[in-house]
Amino acid sequence: MAEPRTVRENANTLSSVQIAEILPHRYPFALVDRILDYEPGQWAIGRKCVTRNEEFFNGHFPAQPVMPGVLLLEALAQTGAVAALSLPENKGKLALFGGIKSARFRRQVVPGDVLTLHCELVQQHGAVGVGKASAWVDGKCAVTAELTFVLTEAAE
């Protein structure tokens with residue numbers, strides 16, 4: 001597992017409003033609160049502040065809330081999608097899951113955790129690409145995965 005990138009001194013940042021201009025996800029599926037730094041078409045570092053008020057904690061699990069692994073992967077995919085879709089030629093497209101490989105869940109993510117989400121785009125052939133992704137809490141790795149995505153035209 002490679003060490004995650006660090007945020008540069010002159011970081012390219014995006015607010016939640018700016019992320020919403022790139023990604024179509026809305027509550028309750030907008031899972032990236034902020035982009036701390038990114039390089040269009042190459043990589044992105046995001047942040048997700050996990051609160052007890054998240055809708056999914058009503059059922060997963062009320063007495064011992066744990067963020068579902070599939071939503072951790074979705075947050076990582078959204079982070080990678082920002083990198084892919086921030087290229088001018090991809091403006092307005094959708095990034096859809098094509099596959100998930102080698103996902104490893106290394107620690108539980110619970111209310112109060114702040115996720116730092118890393119995704120580096122390592123391959124792209126036409127509309128299909130691969131991102132190496134990891135999520136961290138307090139300097140400890142929570143999740144790693146290789147995510148395959150497909151870029152497609154968005155319906156108007």
# chains A, B, ... in the order shown; residues from 1 in each chain; ligands from 1
call {"tool": "select_by_dssp", "arguments": {"residues": "range 40-144 of chain A", "states": "helix (DSSP H, G or I)", "output": "PyMOL selection string"}}
result
chain A and resi 55-58+69-85+88-90
call {"tool": "residues_around", "arguments": {"residues": "Leu117 in chain A", "least_positions_apart": "5", "cutoff": "12 Å", "atoms": "only C-alpha atoms", "output": "mmCIF file with all heavy atoms, in the first residue's frame"}}
result
data_model
loop_
_atom_site.group_PDB
_atom_site.id
_atom_site.type_symbol
_atom_site.label_atom_id
_atom_site.label_comp_id
_atom_site.auth_asym_id
_atom_site.auth_seq_id
_atom_site.Cartn_x
_atom_site.Cartn_y
_atom_site.Cartn_z
ATOM 1 N N PRO A 4 -0.273 7.854 1.206
ATOM 2 C CA PRO A 4 -1.126 8.825 0.518
ATOM 3 C C PRO A 4 -0.375 10.122 0.220
ATOM 4 O O PRO A 4 0.628 10.428 0.856
ATOM 5 C CB PRO A 4 -2.252 9.064 1.519
ATOM 6 C CG PRO A 4 -1.650 8.755 2.840
ATOM 7 C CD PRO A 4 -0.654 7.664 2.597
ATOM 8 N N ARG A 5 -0.850 10.831 -0.761
ATOM 9 C CA ARG A 5 -0.315 12.143 -1.118
ATOM 10 C C ARG A 5 -0.550 13.128 0.019
ATOM 11 O O ARG A 5 -1.484 12.970 0.786
ATOM 12 C CB ARG A 5 -1.092 12.683 -2.316
ATOM 13 C CG ARG A 5 -0.463 12.428 -3.582
ATOM 14 C CD ARG A 5 -1.301 13.044 -4.702
ATOM 15 N NE ARG A 5 -0.978 12.339 -5.886
ATOM 16 C CZ ARG A 5 0.122 12.566 -6.588
ATOM 17 N NH1 ARG A 5 0.953 13.501 -6.243
ATOM 18 N NH2 ARG A 5 0.384 11.842 -7.647
ATOM 19 N N THR A 6 0.240 14.159 0.050
ATOM 20 C CA THR A 6 0.001 15.238 1.007
ATOM 21 C C THR A 6 -0.564 16.436 0.259
ATOM 22 O O THR A 6 -0.337 16.607 -0.946
ATOM 23 C CB THR A 6 1.290 15.636 1.747
ATOM 24 O OG1 THR A 6 2.268 16.006 0.786
ATOM 25 C CG2 THR A 6 1.821 14.487 2.592
ATOM 26 N N VAL A 7 -1.297 17.247 0.980
ATOM 27 C CA VAL A 7 -1.881 18.454 0.407
ATOM 28 C C VAL A 7 -0.760 19.453 0.163
ATOM 29 O O VAL A 7 0.069 19.700 1.041
ATOM 30 C CB VAL A 7 -2.953 19.041 1.355
ATOM 31 C CG1 VAL A 7 -3.495 20.354 0.822
ATOM 32 C CG2 VAL A 7 -4.073 18.030 1.563
ATOM 33 N N LEU A 31 -21.094 12.240 -0.719
ATOM 34 C CA LEU A 31 -20.272 11.702 0.373
ATOM 35 C C LEU A 31 -18.886 12.335 0.478
ATOM 36 O O LEU A 31 -18.037 11.828 1.201
ATOM 37 C CB LEU A 31 -20.149 10.185 0.226
ATOM 38 C CG LEU A 31 -21.468 9.419 0.345
ATOM 39 C CD1 LEU A 31 -21.256 7.938 0.065
ATOM 40 C CD2 LEU A 31 -22.079 9.619 1.723
ATOM 41 N N VAL A 32 -18.667 13.435 -0.223
ATOM 42 C CA VAL A 32 -17.407 14.173 -0.100
ATOM 43 C C VAL A 32 -17.772 15.608 0.270
ATOM 44 O O VAL A 32 -18.466 16.288 -0.475
ATOM 45 C CB VAL A 32 -16.586 14.138 -1.409
ATOM 46 C CG1 VAL A 32 -15.273 14.899 -1.245
ATOM 47 C CG2 VAL A 32 -16.316 12.703 -1.834
ATOM 48 N N ASP A 33 -17.304 16.042 1.435
ATOM 49 C CA ASP A 33 -17.630 17.387 1.921
ATOM 50 C C ASP A 33 -16.744 18.460 1.308
ATOM 51 O O ASP A 33 -17.164 19.609 1.142
ATOM 52 C CB ASP A 33 -17.473 17.456 3.443
ATOM 53 C CG ASP A 33 -18.430 16.523 4.169
ATOM 54 O OD1 ASP A 33 -19.552 16.310 3.662
ATOM 55 O OD2 ASP A 33 -18.053 16.013 5.233
ATOM 56 N N ARG A 34 -15.505 18.095 0.996
ATOM 57 C CA ARG A 34 -14.535 19.074 0.532
ATOM 58 C C ARG A 34 -13.431 18.356 -0.235
ATOM 59 O O ARG A 34 -13.105 17.225 0.073
ATOM 60 C CB ARG A 34 -13.937 19.777 1.746
ATOM 61 C CG ARG A 34 -12.947 20.854 1.471
ATOM 62 C CD ARG A 34 -12.657 21.627 2.758
ATOM 63 N NE ARG A 34 -12.551 23.050 2.698
ATOM 64 C CZ ARG A 34 -13.211 23.919 1.957
ATOM 65 N NH1 ARG A 34 -14.112 23.519 1.131
ATOM 66 N NH2 ARG A 34 -12.991 25.197 2.009
ATOM 67 N N ILE A 35 -12.884 19.014 -1.220
ATOM 68 C CA ILE A 35 -11.665 18.530 -1.874
ATOM 69 C C ILE A 35 -10.528 19.398 -1.339
ATOM 70 O O ILE A 35 -10.534 20.621 -1.483
ATOM 71 C CB ILE A 35 -11.758 18.606 -3.422
ATOM 72 C CG1 ILE A 35 -12.837 17.634 -3.944
ATOM 73 C CG2 ILE A 35 -10.408 18.310 -4.055
ATOM 74 C CD1 ILE A 35 -12.553 16.156 -3.724
ATOM 75 N N LEU A 36 -9.574 18.735 -0.698
ATOM 76 C CA LEU A 36 -8.450 19.433 -0.066
ATOM 77 C C LEU A 36 -7.366 19.804 -1.077
ATOM 78 O O LEU A 36 -6.644 20.778 -0.900
ATOM 79 C CB LEU A 36 -7.843 18.565 1.030
ATOM 80 C CG LEU A 36 -8.809 18.102 2.121
ATOM 81 C CD1 LEU A 36 -8.108 17.153 3.071
ATOM 82 C CD2 LEU A 36 -9.384 19.300 2.860
ATOM 83 N N ASP A 37 -7.249 18.996 -2.144
ATOM 84 C CA ASP A 37 -6.293 19.260 -3.211
ATOM 85 C C ASP A 37 -6.589 18.277 -4.339
ATOM 86 O O ASP A 37 -7.122 17.186 -4.095
ATOM 87 C CB ASP A 37 -4.850 19.079 -2.713
ATOM 88 C CG ASP A 37 -3.808 19.765 -3.602
ATOM 89 O OD1 ASP A 37 -4.179 20.386 -4.624
ATOM 90 O OD2 ASP A 37 -2.612 19.675 -3.261
ATOM 91 N N TYR A 38 -6.269 18.661 -5.571
ATOM 92 C CA TYR A 38 -6.445 17.746 -6.699
ATOM 93 C C TYR A 38 -5.662 18.241 -7.891
ATOM 94 O O TYR A 38 -5.293 19.420 -7.973
ATOM 95 C CB TYR A 38 -7.927 17.585 -7.067
ATOM 96 C CG TYR A 38 -8.559 18.780 -7.734
ATOM 97 C CD1 TYR A 38 -8.852 18.764 -9.098
ATOM 98 C CD2 TYR A 38 -8.872 19.932 -7.019
ATOM 99 C CE1 TYR A 38 -9.436 19.854 -9.719
ATOM 100 C CE2 TYR A 38 -9.451 21.021 -7.631
ATOM 101 C CZ TYR A 38 -9.730 20.987 -8.980
ATOM 102 O OH TYR A 38 -10.291 22.065 -9.605
ATOM 103 N N TRP A 43 -5.364 12.953 -9.777
ATOM 104 C CA TRP A 43 -5.612 12.523 -8.401
ATOM 105 C C TRP A 43 -6.436 13.573 -7.664
ATOM 106 O O TRP A 43 -6.544 14.722 -8.103
ATOM 107 C CB TRP A 43 -4.302 12.260 -7.646
ATOM 108 C CG TRP A 43 -3.343 13.418 -7.658
ATOM 109 C CD1 TRP A 43 -2.352 13.645 -8.576
ATOM 110 C CD2 TRP A 43 -3.292 14.520 -6.748
ATOM 111 N NE1 TRP A 43 -1.701 14.820 -8.284
ATOM 112 C CE2 TRP A 43 -2.242 15.366 -7.162
ATOM 113 C CE3 TRP A 43 -4.027 14.874 -5.618
ATOM 114 C CZ2 TRP A 43 -1.913 16.550 -6.495
ATOM 115 C CZ3 TRP A 43 -3.700 16.048 -4.947
ATOM 116 C CH2 TRP A 43 -2.658 16.864 -5.377
ATOM 117 N N ALA A 44 -7.001 13.134 -6.540
ATOM 118 C CA ALA A 44 -7.740 14.053 -5.658
ATOM 119 C C ALA A 44 -7.647 13.557 -4.223
ATOM 120 O O ALA A 44 -7.527 12.349 -3.967
ATOM 121 C CB ALA A 44 -9.200 14.155 -6.080
ATOM 122 N N ILE A 45 -7.682 14.516 -3.304
ATOM 123 C CA ILE A 45 -7.737 14.244 -1.872
ATOM 124 C C ILE A 45 -9.001 14.913 -1.354
ATOM 125 O O ILE A 45 -9.170 16.127 -1.501
ATOM 126 C CB ILE A 45 -6.513 14.813 -1.125
ATOM 127 C CG1 ILE A 45 -5.207 14.276 -1.701
ATOM 128 C CG2 ILE A 45 -6.617 14.516 0.370
ATOM 129 C CD1 ILE A 45 -3.964 14.996 -1.193
ATOM 130 N N GLY A 46 -9.884 14.116 -0.764
ATOM 131 C CA GLY A 46 -11.144 14.642 -0.262
ATOM 132 C C GLY A 46 -11.280 14.481 1.237
ATOM 133 O O GLY A 46 -10.477 13.809 1.889
ATOM 134 N N ARG A 47 -12.323 15.089 1.765
ATOM 135 C CA ARG A 47 -12.622 14.966 3.188
ATOM 136 C C ARG A 47 -14.112 14.684 3.360
ATOM 137 O O ARG A 47 -14.945 15.273 2.682
ATOM 138 C CB ARG A 47 -12.271 16.252 3.923
ATOM 139 C CG ARG A 47 -12.769 16.225 5.378
ATOM 140 C CD ARG A 47 -12.172 17.283 6.231
ATOM 141 N NE ARG A 47 -10.758 16.981 6.406
ATOM 142 C CZ ARG A 47 -9.833 17.900 6.622
ATOM 143 N NH1 ARG A 47 -10.147 19.166 6.686
ATOM 144 N NH2 ARG A 47 -8.577 17.548 6.773
ATOM 145 N N LYS A 48 -14.401 13.768 4.267
ATOM 146 C CA LYS A 48 -15.780 13.450 4.667
ATOM 147 C C LYS A 48 -15.822 13.463 6.181
ATOM 148 O O LYS A 48 -15.116 12.700 6.836
ATOM 149 C CB LYS A 48 -16.182 12.065 4.135
ATOM 150 C CG LYS A 48 -17.445 11.486 4.740
ATOM 151 C CD LYS A 48 -18.660 12.230 4.294
ATOM 152 C CE LYS A 48 -19.931 11.585 4.842
ATOM 153 N NZ LYS A 48 -20.990 12.564 4.991
ATOM 154 N N CYS A 49 -16.616 14.351 6.744
ATOM 155 C CA CYS A 49 -16.817 14.392 8.190
ATOM 156 C C CYS A 49 -18.028 13.522 8.511
ATOM 157 O O CYS A 49 -19.143 13.821 8.079
ATOM 158 C CB CYS A 49 -17.043 15.824 8.662
ATOM 159 S SG CYS A 49 -15.628 16.893 8.345
ATOM 160 N N LEU A 72 -18.144 3.700 2.060
ATOM 161 C CA LEU A 72 -16.741 4.116 2.065
ATOM 162 C C LEU A 72 -16.170 4.036 0.652
ATOM 163 O O LEU A 72 -15.477 4.950 0.181
ATOM 164 C CB LEU A 72 -15.920 3.242 3.015
ATOM 165 C CG LEU A 72 -16.220 3.416 4.500
ATOM 166 C CD1 LEU A 72 -15.588 2.292 5.307
ATOM 167 C CD2 LEU A 72 -15.733 4.767 4.971
ATOM 168 N N LEU A 73 -16.477 2.951 -0.055
ATOM 169 C CA LEU A 73 -16.028 2.803 -1.439
ATOM 170 C C LEU A 73 -16.654 3.874 -2.336
ATOM 171 O O LEU A 73 -15.991 4.424 -3.218
ATOM 172 C CB LEU A 73 -16.345 1.411 -1.962
ATOM 173 C CG LEU A 73 -15.581 0.269 -1.290
ATOM 174 C CD1 LEU A 73 -16.111 -1.078 -1.755
ATOM 175 C CD2 LEU A 73 -14.086 0.387 -1.524
ATOM 176 N N GLU A 74 -17.913 4.180 -2.093
ATOM 177 C CA GLU A 74 -18.590 5.228 -2.865
ATOM 178 C C GLU A 74 -17.932 6.587 -2.631
ATOM 179 O O GLU A 74 -17.727 7.356 -3.573
ATOM 180 C CB GLU A 74 -20.075 5.284 -2.509
ATOM 181 C CG GLU A 74 -20.854 6.401 -3.194
ATOM 182 C CD GLU A 74 -20.941 6.286 -4.714
ATOM 183 O OE1 GLU A 74 -20.859 5.159 -5.248
ATOM 184 O OE2 GLU A 74 -21.084 7.336 -5.372
ATOM 185 N N ALA A 75 -17.580 6.899 -1.380
ATOM 186 C CA ALA A 75 -16.904 8.164 -1.082
ATOM 187 C C ALA A 75 -15.558 8.233 -1.812
ATOM 188 O O ALA A 75 -15.186 9.284 -2.358
ATOM 189 C CB ALA A 75 -16.716 8.323 0.422
ATOM 190 N N LEU A 76 -14.829 7.116 -1.841
ATOM 191 C CA LEU A 76 -13.564 7.071 -2.572
ATOM 192 C C LEU A 76 -13.802 7.255 -4.070
ATOM 193 O O LEU A 76 -13.054 7.974 -4.745
ATOM 194 C CB LEU A 76 -12.842 5.753 -2.303
ATOM 195 C CG LEU A 76 -12.232 5.619 -0.915
ATOM 196 C CD1 LEU A 76 -11.824 4.172 -0.640
ATOM 197 C CD2 LEU A 76 -11.044 6.562 -0.756
ATOM 198 N N ALA A 77 -14.835 6.620 -4.597
ATOM 199 C CA ALA A 77 -15.153 6.742 -6.017
ATOM 200 C C ALA A 77 -15.528 8.182 -6.364
ATOM 201 O O ALA A 77 -15.123 8.703 -7.410
ATOM 202 C CB ALA A 77 -16.284 5.788 -6.391
ATOM 203 N N GLN A 78 -16.275 8.847 -5.499
ATOM 204 C CA GLN A 78 -16.640 10.239 -5.750
ATOM 205 C C GLN A 78 -15.401 11.134 -5.753
ATOM 206 O O GLN A 78 -15.286 12.067 -6.559
ATOM 207 C CB GLN A 78 -17.665 10.718 -4.729
ATOM 208 C CG GLN A 78 -19.034 10.112 -4.947
ATOM 209 C CD GLN A 78 -20.071 10.557 -3.932
ATOM 210 O OE1 GLN A 78 -19.952 11.622 -3.324
ATOM 211 N NE2 GLN A 78 -21.092 9.738 -3.739
ATOM 212 N N THR A 79 -14.448 10.831 -4.889
ATOM 213 C CA THR A 79 -13.198 11.590 -4.853
ATOM 214 C C THR A 79 -12.449 11.417 -6.176
ATOM 215 O O THR A 79 -11.995 12.392 -6.778
ATOM 216 C CB THR A 79 -12.330 11.146 -3.661
ATOM 217 O OG1 THR A 79 -13.077 11.336 -2.456
ATOM 218 C CG2 THR A 79 -11.041 11.930 -3.593
ATOM 219 N N GLY A 80 -12.346 10.177 -6.633
ATOM 220 C CA GLY A 80 -11.701 9.921 -7.922
ATOM 221 C C GLY A 80 -12.457 10.542 -9.084
ATOM 222 O O GLY A 80 -11.849 11.033 -10.043
ATOM 223 N N ALA A 81 -13.781 10.550 -8.984
ATOM 224 C CA ALA A 81 -14.604 11.139 -10.045
ATOM 225 C C ALA A 81 -14.336 12.637 -10.175
ATOM 226 O O ALA A 81 -14.352 13.178 -11.280
ATOM 227 C CB ALA A 81 -16.082 10.873 -9.784
ATOM 228 N N VAL A 82 -14.069 13.303 -9.063
ATOM 229 C CA VAL A 82 -13.720 14.722 -9.136
ATOM 230 C C VAL A 82 -12.460 14.902 -9.976
ATOM 231 O O VAL A 82 -12.395 15.782 -10.836
ATOM 232 C CB VAL A 82 -13.542 15.337 -7.729
ATOM 233 C CG1 VAL A 82 -12.882 16.706 -7.803
ATOM 234 C CG2 VAL A 82 -14.880 15.448 -7.013
ATOM 235 N N LYS A 132 -6.488 3.979 -7.859
ATOM 236 C CA LYS A 132 -6.041 3.358 -6.606
ATOM 237 C C LYS A 132 -6.479 4.288 -5.494
ATOM 238 O O LYS A 132 -6.156 5.486 -5.512
ATOM 239 C CB LYS A 132 -4.529 3.181 -6.601
ATOM 240 C CG LYS A 132 -4.080 2.225 -7.674
ATOM 241 C CD LYS A 132 -3.163 1.191 -7.116
ATOM 242 C CE LYS A 132 -2.779 0.252 -8.250
ATOM 243 N NZ LYS A 132 -2.679 -1.081 -7.866
ATOM 244 N N ALA A 133 -7.221 3.733 -4.523
ATOM 245 C CA ALA A 133 -7.869 4.572 -3.531
ATOM 246 C C ALA A 133 -7.604 4.089 -2.112
ATOM 247 O O ALA A 133 -7.433 2.888 -1.876
ATOM 248 C CB ALA A 133 -9.381 4.591 -3.797
ATOM 249 N N SER A 134 -7.590 5.040 -1.186
ATOM 250 C CA SER A 134 -7.469 4.705 0.233
ATOM 251 C C SER A 134 -8.145 5.782 1.056
ATOM 252 O O SER A 134 -8.197 6.944 0.661
ATOM 253 C CB SER A 134 -5.999 4.558 0.653
ATOM 254 O OG SER A 134 -5.283 5.749 0.426
ATOM 255 N N ALA A 135 -8.693 5.353 2.204
ATOM 256 C CA ALA A 135 -9.333 6.284 3.140
ATOM 257 C C ALA A 135 -8.630 6.142 4.482
ATOM 258 O O ALA A 135 -8.328 5.029 4.923
ATOM 259 C CB ALA A 135 -10.819 5.969 3.279
ATOM 260 N N TRP A 136 -8.409 7.275 5.130
ATOM 261 C CA TRP A 136 -7.630 7.325 6.360
ATOM 262 C C TRP A 136 -8.404 8.079 7.442
ATOM 263 O O TRP A 136 -9.124 9.028 7.156
ATOM 264 C CB TRP A 136 -6.305 8.036 6.101
ATOM 265 C CG TRP A 136 -5.482 7.335 5.068
ATOM 266 C CD1 TRP A 136 -5.699 7.305 3.713
ATOM 267 C CD2 TRP A 136 -4.327 6.538 5.302
ATOM 268 N NE1 TRP A 136 -4.740 6.534 3.097
ATOM 269 C CE2 TRP A 136 -3.884 6.063 4.045
ATOM 270 C CE3 TRP A 136 -3.617 6.194 6.443
ATOM 271 C CZ2 TRP A 136 -2.770 5.251 3.906
ATOM 272 C CZ3 TRP A 136 -2.494 5.391 6.300
ATOM 273 C CH2 TRP A 136 -2.085 4.928 5.047
ATOM 274 N N VAL A 137 -8.218 7.647 8.689
ATOM 275 C CA VAL A 137 -8.771 8.336 9.860
ATOM 276 C C VAL A 137 -7.634 8.482 10.865
ATOM 277 O O VAL A 137 -7.028 7.478 11.263
ATOM 278 C CB VAL A 137 -9.938 7.544 10.498
ATOM 279 C CG1 VAL A 137 -10.429 8.235 11.763
ATOM 280 C CG2 VAL A 137 -11.078 7.350 9.507
ATOM 281 N N ASP A 138 -7.355 9.710 11.242
ATOM 282 C CA ASP A 138 -6.291 9.971 12.226
ATOM 283 C C ASP A 138 -4.976 9.283 11.866
ATOM 284 O O ASP A 138 -4.303 8.702 12.725
ATOM 285 C CB ASP A 138 -6.728 9.540 13.633
ATOM 286 C CG ASP A 138 -7.901 10.354 14.153
ATOM 287 O OD1 ASP A 138 -8.014 11.538 13.782
ATOM 288 O OD2 ASP A 138 -8.699 9.795 14.925
ATOM 289 N N GLY A 139 -4.614 9.310 10.583
ATOM 290 C CA GLY A 139 -3.353 8.732 10.146
ATOM 291 C C GLY A 139 -3.339 7.221 10.039
ATOM 292 O O GLY A 139 -2.308 6.629 9.721
ATOM 293 N N LYS A 140 -4.484 6.586 10.281
ATOM 294 C CA LYS A 140 -4.575 5.127 10.173
ATOM 295 C C LYS A 140 -5.452 4.774 8.979
ATOM 296 O O LYS A 140 -6.531 5.320 8.797
ATOM 297 C CB LYS A 140 -5.160 4.538 11.457
ATOM 298 C CG LYS A 140 -4.257 4.752 12.666
ATOM 299 C CD LYS A 140 -4.851 4.103 13.898
ATOM 300 C CE LYS A 140 -3.922 4.265 15.071
ATOM 301 N NZ LYS A 140 -4.184 5.438 15.870
ATOM 302 N N CYS A 141 -4.986 3.802 8.206
ATOM 303 C CA CYS A 141 -5.720 3.401 7.014
ATOM 304 C C CYS A 141 -6.992 2.647 7.387
ATOM 305 O O CYS A 141 -6.957 1.691 8.162
ATOM 306 C CB CYS A 141 -4.837 2.533 6.121
ATOM 307 S SG CYS A 141 -5.600 2.182 4.536
ATOM 308 N N ALA A 142 -8.112 3.081 6.839
ATOM 309 C CA ALA A 142 -9.401 2.430 7.079
ATOM 310 C C ALA A 142 -9.789 1.520 5.917
ATOM 311 O O ALA A 142 -10.370 0.457 6.135
ATOM 312 C CB ALA A 142 -10.490 3.477 7.308
ATOM 313 N N VAL A 143 -9.469 1.925 4.691
ATOM 314 C CA VAL A 143 -9.901 1.182 3.497
ATOM 315 C C VAL A 143 -8.882 1.388 2.383
ATOM 316 O O VAL A 143 -8.366 2.492 2.211
ATOM 317 C CB VAL A 143 -11.262 1.690 2.980
ATOM 318 C CG1 VAL A 143 -11.722 0.917 1.755
ATOM 319 C CG2 VAL A 143 -12.323 1.660 4.035
ATOM 320 N N THR A 144 -8.637 0.330 1.616
ATOM 321 C CA THR A 144 -7.898 0.439 0.364
ATOM 322 C C THR A 144 -8.682 -0.318 -0.703
ATOM 323 O O THR A 144 -9.374 -1.291 -0.396
ATOM 324 C CB THR A 144 -6.479 -0.162 0.460
ATOM 325 O OG1 THR A 144 -6.580 -1.530 0.856
ATOM 326 C CG2 THR A 144 -5.615 0.602 1.460
ATOM 327 N N ALA A 145 -8.576 0.134 -1.942
ATOM 328 C CA ALA A 145 -9.256 -0.549 -3.045
ATOM 329 C C ALA A 145 -8.732 -0.040 -4.373
ATOM 330 O O ALA A 145 -8.184 1.064 -4.456
ATOM 331 C CB ALA A 145 -10.770 -0.335 -2.970
#
call {"tool": "select_by_dssp", "arguments": {"residues": "range 31-149 of chain A", "states": "strand (DSSP E or B)", "output": "ChimeraX atom specification"}}
result
/A:34-39,43-49,93-105,114-125,128-137,140-149
call {"tool": "atom_distance", "arguments": {"atom1": "CA of Val17 in chain A", "atom2": "CA of Arg107 in chain A"}}
result
29.8 Å
call {"tool": "residues_around", "arguments": {"residues": "Ala83 in chain A", "least_positions_apart": "6", "cutoff": "9 Å", "atoms": "only C-alpha atoms", "output": "PDB file with N, CA and C atoms, in the first residue's frame"}}
result
ATOM      1  N   TYR A  38      -6.269  18.661  -5.571  1.00  0.00           N
ATOM      2  CA  TYR A  38      -6.445  17.746  -6.699  1.00  0.00           C
ATOM      3  C   TYR A  38      -5.662  18.241  -7.891  1.00  0.00           C
ATOM      4  N   GLU A  39      -5.402  17.322  -8.784  1.00  0.00           N
ATOM      5  CA  GLU A  39      -4.795  17.617 -10.066  1.00  0.00           C
ATOM      6  C   GLU A  39      -5.726  17.008 -11.111  1.00  0.00           C
ATOM      7  N   PRO A  40      -6.395  17.839 -11.930  1.00  0.00           N
ATOM      8  CA  PRO A  40      -7.367  17.310 -12.892  1.00  0.00           C
ATOM      9  C   PRO A  40      -6.799  16.162 -13.728  1.00  0.00           C
ATOM     10  N   GLY A  41      -7.571  15.086 -13.796  1.00  0.00           N
ATOM     11  CA  GLY A  41      -7.187  13.921 -14.582  1.00  0.00           C
ATOM     12  C   GLY A  41      -6.156  13.029 -13.932  1.00  0.00           C
ATOM     13  N   GLN A  42      -5.681  13.392 -12.720  1.00  0.00           N
ATOM     14  CA  GLN A  42      -4.617  12.613 -12.104  1.00  0.00           C
ATOM     15  C   GLN A  42      -4.964  12.094 -10.712  1.00  0.00           C
ATOM     16  N   TRP A  43      -5.364  12.953  -9.777  1.00  0.00           N
ATOM     17  CA  TRP A  43      -5.612  12.523  -8.401  1.00  0.00           C
ATOM     18  C   TRP A  43      -6.436  13.573  -7.664  1.00  0.00           C
ATOM     19  N   ALA A  44      -7.001  13.134  -6.540  1.00  0.00           N
ATOM     20  CA  ALA A  44      -7.740  14.053  -5.658  1.00  0.00           C
ATOM     21  C   ALA A  44      -7.647  13.557  -4.223  1.00  0.00           C
ATOM     22  N   CYS A 119      -7.560   9.287  -4.005  1.00  0.00           N
ATOM     23  CA  CYS A 119      -7.734   8.469  -5.207  1.00  0.00           C
ATOM     24  C   CYS A 119      -6.800   8.990  -6.288  1.00  0.00           C
ATOM     25  N   GLU A 120      -5.967   8.092  -6.796  1.00  0.00           N
ATOM     26  CA  GLU A 120      -5.053   8.416  -7.882  1.00  0.00           C
ATOM     27  C   GLU A 120      -5.466   7.615  -9.106  1.00  0.00           C
ATOM     28  N   LEU A 121      -5.675   8.322 -10.209  1.00  0.00           N
ATOM     29  CA  LEU A 121      -6.057   7.662 -11.455  1.00  0.00           C
ATOM     30  C   LEU A 121      -4.784   7.117 -12.089  1.00  0.00           C
TER      31      LEU A 121
END
call {"tool": "residues_around", "arguments": {"residues": "Glu89 in chain A", "least_positions_apart": "5", "cutoff": "12 Å", "atoms": "only C-alpha atoms", "output": "JSON, numbers by chain"}}
result
{"A": [40, 41, 84, 127, 151, 152, 153]}
call {"tool": "atom_distance", "arguments": {"atom1": "CA of Ala103 in chain A", "atom2": "CA of Gly69 in chain A"}}
result
9.4 Å
call {"tool": "atom_distance", "arguments": {"atom1": "CA of Val150 in chain A", "atom2": "CA of Ile100 in chain A"}}
result
12.1 Å
call {"tool": "residues_around", "arguments": {"residues": "Lys101 in chain A", "least_positions_apart": "3", "cutoff": "9 Å", "atoms": "only C-alpha atoms", "output": "PyMOL selection string"}}
result
chain A and resi 145-148
call {"tool": "residues_around", "arguments": {"residues": "Ala63 in chain A", "least_positions_apart": "5", "cutoff": "12 Å", "atoms": "only C-alpha atoms", "output": "ChimeraX atom specification"}}
result
/A:52,57-58,110
